[in-house]
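S.K.: This is the content of work.txt (compact mmCIF, C-alpha atoms):
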```txt
# COMPACT_ATOMS: atom_id res chain seq x y z
CA ALA V 1 -7.05 100.07 -51.29
CA PHE V 2 -7.58 100.38 -55.02
CA GLU V 3 -11.24 100.70 -55.97
CA GLY V 4 -11.72 99.19 -59.40
CA PRO V 5 -14.83 99.10 -61.55
CA PRO V 6 -17.61 96.63 -60.73
CA VAL V 7 -16.74 93.08 -61.77
CA THR V 8 -19.66 92.97 -64.22
CA GLU V 9 -18.48 96.18 -65.91
CA LEU V 10 -14.94 94.88 -66.34
CA HIS V 11 -16.28 91.53 -67.56
CA ASP V 12 -18.39 93.36 -70.15
CA ASP V 13 -15.33 95.26 -71.36
CA LEU V 14 -13.30 92.07 -71.67
CA ARG V 15 -16.07 90.29 -73.58
CA PHE V 16 -16.55 93.28 -75.89
CA GLY V 17 -12.82 93.56 -76.61
CA GLN V 18 -12.37 89.83 -77.13
CA MET V 19 -15.32 89.71 -79.51
CA ALA V 20 -13.94 92.66 -81.50
CA VAL V 21 -10.64 90.77 -81.80
CA ASP V 22 -12.41 87.52 -82.75
CA LEU V 23 -14.33 89.36 -85.49
CA GLY V 24 -11.09 90.85 -86.85
CA LEU V 25 -12.16 94.45 -86.17
CA ILE V 26 -9.23 95.29 -83.88
CA ASP V 27 -6.03 93.50 -82.92
CA ILE V 28 -4.95 92.57 -79.42
CA ALA V 29 -2.61 95.58 -79.24
CA ARG V 30 -5.59 97.93 -79.67
CA PHE V 31 -7.53 95.83 -77.14
CA GLY V 32 -4.79 96.29 -74.53
CA GLU V 33 -4.22 99.96 -75.32
CA GLY V 34 -7.96 100.59 -75.11
CA MET V 35 -8.14 98.95 -71.67
CA ALA V 36 -5.26 101.15 -70.46
CA LEU V 37 -6.93 104.31 -71.74
CA ALA V 38 -10.28 103.25 -70.26
CA ALA V 39 -8.58 102.82 -66.88
CA ARG V 40 -7.17 106.36 -66.98
CA ALA V 41 -10.33 108.03 -68.28
CA GLY V 42 -12.90 106.02 -66.31
CA LEU V 43 -14.75 105.12 -69.53
CA LYS V 44 -16.09 101.94 -71.03
CA LEU V 45 -13.82 100.16 -73.52
CA ARG V 46 -16.47 100.53 -76.26
CA ALA V 47 -16.45 104.34 -75.90
CA VAL V 48 -12.65 104.52 -75.97
CA LEU V 49 -12.36 102.43 -79.13
CA VAL V 50 -15.03 104.45 -80.94
CA ASN V 51 -13.80 107.86 -79.70
CA HIS V 52 -10.27 107.15 -80.93
CA GLY V 53 -11.48 105.96 -84.32
CA TRP V 54 -10.17 102.44 -83.78
CA LEU V 55 -13.66 101.02 -84.12
CA SER V 56 -16.47 102.55 -86.15
CA ALA V 57 -19.92 102.95 -84.63
CA GLU V 58 -21.22 100.42 -87.16
CA ASP V 59 -18.56 97.89 -86.19
CA ALA V 60 -19.32 98.49 -82.50
CA ARG V 61 -22.97 97.64 -83.20
CA ALA V 62 -21.83 94.48 -84.99
CA VAL V 63 -19.86 93.48 -81.88
CA ASP V 64 -22.92 94.09 -79.71
CA GLN V 65 -25.05 91.97 -82.02
CA ALA V 66 -22.52 89.14 -81.92
CA LEU V 67 -22.41 89.28 -78.12
CA HIS V 68 -26.17 89.15 -77.81
CA GLY V 69 -26.66 86.65 -80.60
CA ASP V 70 -24.36 83.76 -81.41
CA PRO V 71 -20.97 84.96 -80.07
CA LEU V 72 -18.42 83.75 -82.59
CA GLY V 73 -15.36 82.37 -80.87
CA ASP V 74 -16.69 83.22 -77.40
CA VAL V 75 -16.00 79.76 -75.96
CA LEU V 76 -15.95 79.65 -72.17
CA THR V 77 -12.67 78.41 -70.82
CA LEU V 78 -14.31 75.80 -68.63
CA ASP V 79 -15.86 74.25 -71.74
CA ARG V 80 -12.61 74.12 -73.67
CA TYR V 81 -9.95 73.55 -71.02
CA GLU V 82 -9.73 71.00 -68.24
CA THR V 83 -7.46 72.66 -65.71
CA GLY V 84 -5.07 70.76 -63.45
CA ASP V 85 -2.10 71.47 -61.20
CA GLU V 86 -0.45 74.84 -60.73
CA LEU V 87 2.90 74.93 -62.54
CA GLY V 88 4.16 78.20 -61.11
CA ARG V 89 3.30 81.72 -59.99
CA GLY V 90 4.74 85.19 -59.73
CA SER V 91 3.66 88.55 -58.32
CA PHE V 92 1.40 89.19 -61.31
CA GLY V 93 -0.05 85.86 -62.43
CA ARG V 94 -0.07 82.10 -62.04
CA ILE V 95 0.29 79.27 -64.55
CA LEU V 96 -1.92 76.18 -64.61
CA ARG V 97 -1.54 72.92 -66.48
CA ALA V 98 -4.59 72.22 -68.64
CA LYS V 99 -5.87 69.93 -71.38
CA ASP V 100 -7.26 71.57 -74.50
CA ARG V 101 -10.31 69.46 -75.29
CA HIS V 102 -10.57 70.87 -78.81
CA VAL V 103 -7.29 69.42 -80.03
CA GLY V 104 -6.44 66.98 -77.21
CA ARG V 105 -3.11 68.49 -76.14
CA GLN V 106 -1.56 69.58 -72.88
CA VAL V 107 -1.14 73.34 -72.54
CA ALA V 108 -0.23 75.88 -69.89
CA ILE V 109 -2.68 78.66 -69.04
CA LYS V 110 -1.52 81.91 -67.46
CA VAL V 111 -4.16 83.72 -65.41
CA LEU V 112 -3.99 87.16 -63.81
CA HIS V 113 -3.85 87.06 -60.00
CA ARG V 114 -7.18 87.67 -58.30
CA SER V 115 -5.89 90.86 -56.63
CA TYR V 116 -5.39 92.49 -60.06
CA GLN V 117 -8.47 91.20 -61.86
CA ARG V 118 -10.52 94.39 -61.36
CA ARG V 119 -7.77 96.72 -62.58
CA ARG V 120 -8.00 97.76 -66.21
CA ASP V 121 -4.34 98.81 -66.21
CA ALA V 122 -3.34 95.35 -64.94
CA VAL V 123 -5.50 93.73 -67.60
CA ALA V 124 -3.90 95.98 -70.23
CA ARG V 125 -0.40 94.95 -69.17
CA PHE V 126 -1.40 91.29 -69.10
CA LEU V 127 -2.77 91.60 -72.65
CA LEU V 128 0.45 93.36 -73.72
CA GLU V 129 2.45 90.41 -72.36
CA ALA V 130 0.23 87.99 -74.31
CA GLN V 131 0.60 90.12 -77.45
CA ILE V 132 4.38 90.25 -77.19
CA ALA V 133 4.74 86.52 -76.56
CA GLY V 134 2.17 85.69 -79.24
CA GLN V 135 3.79 87.76 -81.96
CA LEU V 136 7.34 86.57 -81.31
CA MET V 137 7.29 83.48 -83.52
CA HIS V 138 10.66 81.85 -82.91
CA PRO V 139 11.60 78.25 -82.03
CA ASN V 140 13.21 79.44 -78.77
CA ILE V 141 10.17 81.43 -77.57
CA VAL V 142 7.11 79.67 -76.16
CA PRO V 143 4.17 80.02 -78.60
CA VAL V 144 0.84 81.49 -77.45
CA TYR V 145 -2.24 79.65 -78.72
CA GLU V 146 -5.17 81.75 -77.52
CA VAL V 147 -6.14 84.81 -75.48
CA GLY V 148 -9.51 85.03 -73.76
CA ALA V 149 -11.47 85.70 -70.58
CA LEU V 150 -12.66 83.33 -67.89
CA PRO V 151 -16.39 83.23 -67.12
CA GLY V 152 -15.73 85.48 -64.10
CA GLY V 153 -14.00 88.10 -66.25
CA SER V 154 -10.30 87.42 -65.59
CA PRO V 155 -8.13 87.38 -68.72
CA TYR V 156 -5.98 84.38 -69.57
CA TYR V 157 -3.78 83.13 -72.36
CA ALA V 158 -2.97 79.57 -73.33
CA MET V 159 0.51 78.57 -74.45
CA GLN V 160 2.72 75.56 -74.95
CA GLU V 161 3.56 73.73 -71.74
CA VAL V 162 7.33 73.59 -71.30
CA GLU V 163 8.97 70.85 -69.25
CA GLY V 164 12.57 70.52 -68.20
CA ALA V 165 15.04 72.40 -66.03
CA SER V 166 16.14 76.01 -65.99
CA LEU V 167 19.61 76.98 -67.12
CA HIS V 168 20.10 78.23 -63.57
CA ALA V 169 19.47 74.71 -62.20
CA LEU V 170 21.89 73.12 -64.66
CA ILE V 171 24.61 75.64 -63.80
CA GLY V 172 23.97 74.93 -60.12
CA GLU V 173 24.51 71.19 -60.63
CA LEU V 174 27.84 71.88 -62.31
CA ARG V 175 28.87 74.39 -59.65
CA VAL V 176 28.34 71.99 -56.74
CA GLY V 177 29.89 69.05 -58.61
CA GLU V 178 26.72 66.94 -58.85
CA PRO V 179 27.75 63.38 -59.90
CA GLY V 180 27.47 62.98 -63.67
CA ALA V 181 26.61 66.64 -64.28
CA GLU V 182 29.64 67.28 -66.52
CA GLN V 183 28.82 64.21 -68.61
CA ARG V 184 25.16 65.19 -68.97
CA GLN V 185 25.88 68.86 -69.67
CA PRO V 186 29.38 69.30 -71.13
CA LEU V 187 30.67 72.79 -71.80
CA THR V 188 29.96 72.61 -75.54
CA ARG V 189 26.31 71.74 -74.83
CA MET V 190 25.94 74.55 -72.28
CA VAL V 191 27.39 77.04 -74.77
CA GLY V 192 24.88 75.74 -77.32
CA TYR V 193 22.03 76.49 -74.93
CA LEU V 194 23.33 80.02 -74.46
CA ARG V 195 23.67 80.46 -78.21
CA GLN V 196 20.02 79.49 -78.79
CA ALA V 197 18.87 81.86 -76.06
CA CYS V 198 20.88 84.65 -77.69
CA GLN V 199 19.23 83.90 -81.04
CA ALA V 200 15.80 84.32 -79.42
CA VAL V 201 16.84 87.64 -77.89
CA ALA V 202 18.33 88.88 -81.17
CA TYR V 203 15.08 88.00 -82.95
CA ALA V 204 13.04 89.84 -80.29
CA HIS V 205 15.25 92.93 -80.64
CA ALA V 206 14.71 92.83 -84.42
CA GLN V 207 10.96 92.89 -83.72
CA GLY V 208 11.29 95.90 -81.42
CA VAL V 209 10.98 94.01 -78.11
CA ILE V 210 13.38 94.25 -75.15
CA HIS V 211 13.01 91.49 -72.53
CA ARG V 212 14.50 93.41 -69.54
CA ASP V 213 14.77 90.40 -67.22
CA LEU V 214 17.16 88.00 -68.90
CA LYS V 215 18.71 85.57 -66.42
CA PRO V 216 19.38 81.82 -66.21
CA GLN V 217 16.13 81.30 -64.28
CA ASN V 218 14.22 82.52 -67.35
CA VAL V 219 15.87 80.10 -69.78
CA MET V 220 14.29 76.62 -69.81
CA ILE V 221 16.01 73.54 -71.21
CA GLY V 222 13.68 70.77 -72.35
CA PRO V 223 14.35 67.01 -72.13
CA TYR V 224 15.40 66.87 -75.81
CA GLY V 225 17.63 69.93 -75.75
CA GLU V 226 14.89 72.47 -76.51
CA VAL V 227 15.73 75.98 -75.30
CA PHE V 228 13.07 78.56 -74.42
CA VAL V 229 13.42 82.14 -73.20
CA LEU V 230 10.56 82.61 -70.73
CA ASP V 231 8.70 85.36 -68.84
CA TRP V 232 8.06 88.34 -71.10
CA GLY V 233 5.99 90.06 -68.41
CA THR V 234 8.42 92.97 -67.98
CA ALA V 235 9.25 93.27 -71.70
CA LYS V 236 9.15 96.68 -73.36
CA LEU V 237 7.89 97.42 -76.83
CA ILE V 238 10.10 100.09 -78.39
CA ASP V 239 7.86 103.14 -78.81
CA GLY V 240 5.08 101.14 -77.14
CA ALA V 241 2.11 103.30 -76.17
CA LEU V 242 1.12 101.21 -73.17
CA GLU V 243 4.38 101.52 -71.30
CA GLU V 244 3.84 105.07 -70.11
CA SER V 245 0.47 104.45 -68.43
CA HIS V 246 1.38 102.01 -65.68
CA SER V 247 3.33 103.96 -63.07
CA ASP V 248 0.75 103.34 -60.34
CA LEU V 249 0.59 99.63 -61.13
CA ASP V 250 4.39 99.47 -61.20
CA ALA V 251 4.61 100.97 -57.72
CA ILE V 252 2.15 98.45 -56.28
CA MET V 253 3.92 95.53 -57.95
CA LEU V 254 7.26 96.79 -56.62
CA GLU V 255 5.87 96.73 -53.07
CA THR V 256 4.73 93.11 -53.49
CA THR V 257 8.21 91.96 -54.54
CA ALA V 258 10.41 94.20 -52.38
CA SER V 259 10.77 91.60 -49.62
CA SER V 260 13.05 89.41 -51.75
CA ALA V 261 16.55 90.68 -52.45
CA ALA V 262 16.68 88.69 -55.69
CA ALA V 263 13.17 89.63 -56.79
CA THR V 264 12.41 91.18 -60.13
CA ARG V 265 11.79 94.87 -59.60
CA ALA V 266 8.89 96.57 -61.35
CA GLY V 267 8.84 100.34 -61.12
CA LYS V 268 11.21 102.97 -62.44
CA ILE V 269 13.77 100.15 -62.55
CA LYS V 270 12.69 96.80 -63.96
CA GLY V 271 14.71 93.60 -63.90
CA THR V 272 16.79 91.52 -61.50
CA PRO V 273 19.67 93.49 -59.92
CA SER V 274 22.33 90.79 -60.42
CA TYR V 275 21.65 90.65 -64.18
CA MET V 276 20.94 94.27 -65.08
CA ALA V 277 22.92 96.26 -67.58
CA PRO V 278 24.29 99.47 -66.02
CA GLU V 279 21.91 101.69 -68.03
CA GLN V 280 18.99 99.52 -66.93
CA ALA V 281 19.95 99.86 -63.27
CA ARG V 282 20.09 103.65 -63.75
CA ALA V 283 16.65 103.49 -65.44
CA ALA V 284 18.30 105.35 -68.30
CA ALA V 285 16.59 103.27 -70.99
CA ASP V 286 13.21 102.66 -69.32
```
Now that the file is in, can you turn its structure into C-alpha cells?
M.R.:
Amino acid sequence: AFEGPPVTELHDDLRFGQMAVDLGLIDIARFGEGMALAARAGLKLRAVLVNHGWLSAEDARAVDQALHGDPLGDVLTLDRYETGDELGRGSFGRILRAKDRHVGRQVAIKVLHRSYQRRRDAVARFLLEAQIAGQLMHPNIVPVYEVGALPGGSPYYAMQEVEGASLHALIGELRVGEPGAEQRQPLTRMVGYLRQACQAVAYAHAQGVIHRDLKPQNVMIGPYGEVFVLDWGTAKLIDGALEESHSDLDAIMLETTASSAAATRAGKIKGTPSYMAPEQARAAAD
C-alpha cells in the first residue's frame, strides 16, 4: 500500500500553498506543480517553492506570518458551505451539493476521494483539474468559484451546480422511441447542443487544453437549453509540466476502473475506448 506523508504534514503544505495563492504570491498552477515536485522529492512544499525561485524567502516568511496571524482568505469550508446530498462520484473524486453562505447560492463542491487524500501527486492532479476548469471561461464550461482545503486537509473546489440531463440520456430517449422525445428534442435542437459543445472544445483547444474524454455522458443539457462540457479530470495542458509526473498515480487509477468495460482509462491511454481518436488509442499523442 502507498505510504503517504503524515496527514498533518500534508495539511500544512495545503494551507501554506493556499495562503500563498490567496496573497497573490503564486498562482494555482505553481501550487499544483510544487505539490507534484514535493511528492517526487519527499520535500515540504515551502522548500520546493523557494528552491525553484517561485517564492522568495521573504515572501515565504510573509506566508508563515499570515498563517500564524490573521490568515487572509483562510475560511474553513464548514463555516462557508453547508453541504448536502452527493450529486455524483468517480474513481478520483466525489461531488456534493452545498449552499454558499457568503452569497446565498447553491453550488457543487468536488472533493478528492479519501483514498487519495494523503498523496501529493493526487493533490497536484486535482489542483491541475481545478486550474484548467477555472481558467476556461466560456459559457459552455462550468465555472469554478473557489479552490481550498477542508479542515482535515483534503483539497476541494466549488463550482456552479448544473442540473439537467446528459446528451447521452437524450440520445437514449430518441433511440428507444420514448413518447414525445422527438417533439421535446427535435433534430435541429440536438444539432444545436452539439454545436455549442464543439464551441467549448474549440475554445479549450485555443487555450492549449485537450479534454481527452469527450463523450455524450460528459455533455450536460440544462432545463433552459444550457449546454456544458463536463469532467476535465483527464484533460492535458499542452506542454504542461505536471503531466509527466503521474505515471504511478495513473497506474493505480487504471486498476480502480479496469473492471468496467466502458470505464475511462487512466494510464498510458486515457479516455473512453468507444470515443477515442485512433492516435489517442495508440497513446501517440499522450
S.K.: Residues near stretch 13-17 of chain V, anyone? I mean within 8 Å using all atoms listed in the file, not counting same-chain ones fewer than 6 positions away, as number ranges by chain.
M.R.: V: 31, 44-46, 63-64, 67, 149, 153, 155
S.K.: Taking into account all atoms listed in the file, which residue in the set V:His113, V:Phe228, V:Ile221, V:Asp59 is nearest to V:Cys198?
M.R.: V:Phe228
S.K.: Between atom CA of V:Ile109 and atom CA of V:Phe92, what is the distance, to one decimal in Å?
M.R.: 13.7 Å
S.K.: Rank V:Lys215, V:His68, V:Arg61, V:Arg125 by their smallest atom-to-atom distance to V:Ala29, using all atoms listed in the file, and report the top residue only.
M.R.: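 So, comparing all the options, the nearest one is V:Arg125.
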S.K.: When distances are computed from all atoms listed in the file, which of V:Ser154, V:Pro179, V:Gly90, V:Leu37 shows the smallest separation from V:Tyr116?
M.R.: V:Ser154
S.K.: Report the distance between atom CA of V:Glu161 and atom CA of V:Met220 in Å, rounded to one decimal place.
M.R.: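 Value for the atom CA of V:Glu161-atom CA of V:Met220 distance: 11.3 Å.
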S.K.: Can you work out which one of V:Leu150, V:Val176, V:Leu23, V:Leu128 has the shortest atom-to-atom distance to V:Lys236, counting all atoms listed in the file?
M.R.: V:Leu128
S.K.: Could you check the closest approach to V:Gln196 for each of V:Leu49, V:Val144, V:Ala66, V:Val227 and tell me which residue wins, using all atoms listed in the file?
M.R.: V:Val227
S.K.: Distance atom CA of V:Arg119-atom CA of V:Ile95, one decimal place?
M.R.: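 Here the two named atoms are 19.3 Å from each other.
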S.K.: I want to know what sits within 9 Å of V:Ala181, based on all atoms listed in the file, with residues of the same chain fewer than 6 positions away left out; could you give that as a list in words?
M.R.: Leu170, Glu173 and Leu174 of chain V
S.K.: Using all atoms listed in the file, which of the listed residues (V:Gly225, V:Gly164, V:Gly208, V:Gly134) sits closest to V:Arg189?
M.R.: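 For V:Arg189, the nearest of the given residues is V:Gly225.
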S.K.: Counting only C-alpha atoms, find residues at most 12 Å from (-16.3, 102.6, -86.8) (file frame) and give them as a ChimeraX atom specification.
M.R.: /V:20,25-26,46-63
S.K.: Quick one: stretch 17-53 of chain V with N, CA and C atoms, as a CSV table (one decimal), in the frame of the given file?
M.R.:
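Output file rebuild05.csv follows:
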```csv
chain,number,residue,atom,x,y,z
V,17,GLY,N,-14.1,93.5,-75.9
V,17,GLY,CA,-12.8,93.6,-76.6
V,17,GLY,C,-12.5,92.2,-77.3
V,18,GLN,N,-12.7,91.1,-76.6
V,18,GLN,CA,-12.4,89.8,-77.1
V,18,GLN,C,-13.2,89.6,-78.4
V,19,MET,N,-14.5,89.9,-78.3
V,19,MET,CA,-15.3,89.7,-79.5
V,19,MET,C,-14.8,90.6,-80.7
V,20,ALA,N,-14.5,91.8,-80.4
V,20,ALA,CA,-13.9,92.7,-81.5
V,20,ALA,C,-12.7,92.1,-82.1
V,21,VAL,N,-11.8,91.5,-81.3
V,21,VAL,CA,-10.6,90.8,-81.8
V,21,VAL,C,-11.0,89.5,-82.6
V,22,ASP,N,-12.0,88.7,-82.1
V,22,ASP,CA,-12.4,87.5,-82.8
V,22,ASP,C,-13.0,87.8,-84.1
V,23,LEU,N,-13.7,89.0,-84.2
V,23,LEU,CA,-14.3,89.4,-85.5
V,23,LEU,C,-13.3,90.0,-86.4
V,24,GLY,N,-12.1,90.2,-86.0
V,24,GLY,CA,-11.1,90.8,-86.8
V,24,GLY,C,-11.2,92.4,-87.0
V,25,LEU,N,-11.9,93.0,-86.1
V,25,LEU,CA,-12.2,94.4,-86.2
V,25,LEU,C,-11.1,95.3,-85.5
V,26,ILE,N,-10.4,94.7,-84.5
V,26,ILE,CA,-9.2,95.3,-83.9
V,26,ILE,C,-8.2,94.2,-83.6
V,27,ASP,N,-7.0,94.5,-83.3
V,27,ASP,CA,-6.0,93.5,-82.9
V,27,ASP,C,-5.8,93.6,-81.4
V,28,ILE,N,-5.1,92.6,-80.9
V,28,ILE,CA,-5.0,92.6,-79.4
V,28,ILE,C,-4.2,93.8,-78.9
V,29,ALA,N,-3.3,94.4,-79.7
V,29,ALA,CA,-2.6,95.6,-79.2
V,29,ALA,C,-3.6,96.7,-79.0
V,30,ARG,N,-4.6,96.9,-79.9
V,30,ARG,CA,-5.6,97.9,-79.7
V,30,ARG,C,-6.5,97.6,-78.5
V,31,PHE,N,-6.8,96.3,-78.3
V,31,PHE,CA,-7.5,95.8,-77.1
V,31,PHE,C,-6.8,96.3,-75.9
V,32,GLY,N,-5.5,95.9,-75.7
V,32,GLY,CA,-4.8,96.3,-74.5
V,32,GLY,C,-4.7,97.8,-74.3
V,33,GLU,N,-4.4,98.5,-75.4
V,33,GLU,CA,-4.2,100.0,-75.3
V,33,GLU,C,-5.6,100.6,-74.9
V,34,GLY,N,-6.6,100.1,-75.5
V,34,GLY,CA,-8.0,100.6,-75.1
V,34,GLY,C,-8.3,100.4,-73.6
V,35,MET,N,-7.9,99.2,-73.1
V,35,MET,CA,-8.1,99.0,-71.7
V,35,MET,C,-7.3,99.9,-70.8
V,36,ALA,N,-6.1,100.2,-71.2
V,36,ALA,CA,-5.3,101.2,-70.5
V,36,ALA,C,-5.9,102.6,-70.5
V,37,LEU,N,-6.3,103.0,-71.6
V,37,LEU,CA,-6.9,104.3,-71.7
V,37,LEU,C,-8.2,104.4,-71.0
V,38,ALA,N,-9.0,103.3,-71.0
V,38,ALA,CA,-10.3,103.2,-70.3
V,38,ALA,C,-10.0,103.4,-68.8
V,39,ALA,N,-8.9,102.8,-68.3
V,39,ALA,CA,-8.6,102.8,-66.9
V,39,ALA,C,-8.3,104.3,-66.5
V,40,ARG,N,-7.6,105.0,-67.3
V,40,ARG,CA,-7.2,106.4,-67.0
V,40,ARG,C,-8.4,107.3,-67.1
V,41,ALA,N,-9.2,107.1,-68.0
V,41,ALA,CA,-10.3,108.0,-68.3
V,41,ALA,C,-11.6,107.7,-67.5
V,42,GLY,N,-11.7,106.5,-67.0
V,42,GLY,CA,-12.9,106.0,-66.3
V,42,GLY,C,-14.1,105.8,-67.3
V,43,LEU,N,-13.7,105.4,-68.5
V,43,LEU,CA,-14.8,105.1,-69.5
V,43,LEU,C,-14.9,103.6,-69.8
V,44,LYS,N,-15.9,103.3,-70.5
V,44,LYS,CA,-16.1,101.9,-71.0
V,44,LYS,C,-15.2,101.7,-72.2
V,45,LEU,N,-14.7,100.5,-72.4
V,45,LEU,CA,-13.8,100.2,-73.5
V,45,LEU,C,-14.5,100.5,-74.9
V,46,ARG,N,-15.8,100.2,-75.0
V,46,ARG,CA,-16.5,100.5,-76.3
V,46,ARG,C,-16.3,102.0,-76.6
V,47,ALA,N,-16.5,102.9,-75.6
V,47,ALA,CA,-16.4,104.3,-75.9
V,47,ALA,C,-15.0,104.7,-76.3
V,48,VAL,N,-14.0,104.2,-75.6
V,48,VAL,CA,-12.6,104.5,-76.0
V,48,VAL,C,-12.3,104.1,-77.4
V,49,LEU,N,-12.7,102.9,-77.8
V,49,LEU,CA,-12.4,102.4,-79.1
V,49,LEU,C,-13.0,103.3,-80.2
V,50,VAL,N,-14.3,103.6,-80.0
V,50,VAL,CA,-15.0,104.4,-80.9
V,50,VAL,C,-14.5,105.9,-81.0
V,51,ASN,N,-14.3,106.5,-79.8
V,51,ASN,CA,-13.8,107.9,-79.7
V,51,ASN,C,-12.5,108.1,-80.4
V,52,HIS,N,-11.6,107.0,-80.3
V,52,HIS,CA,-10.3,107.2,-80.9
V,52,HIS,C,-10.3,106.7,-82.4
V,53,GLY,N,-11.4,106.3,-82.9
V,53,GLY,CA,-11.5,106.0,-84.3
V,53,GLY,C,-10.9,104.6,-84.6
```
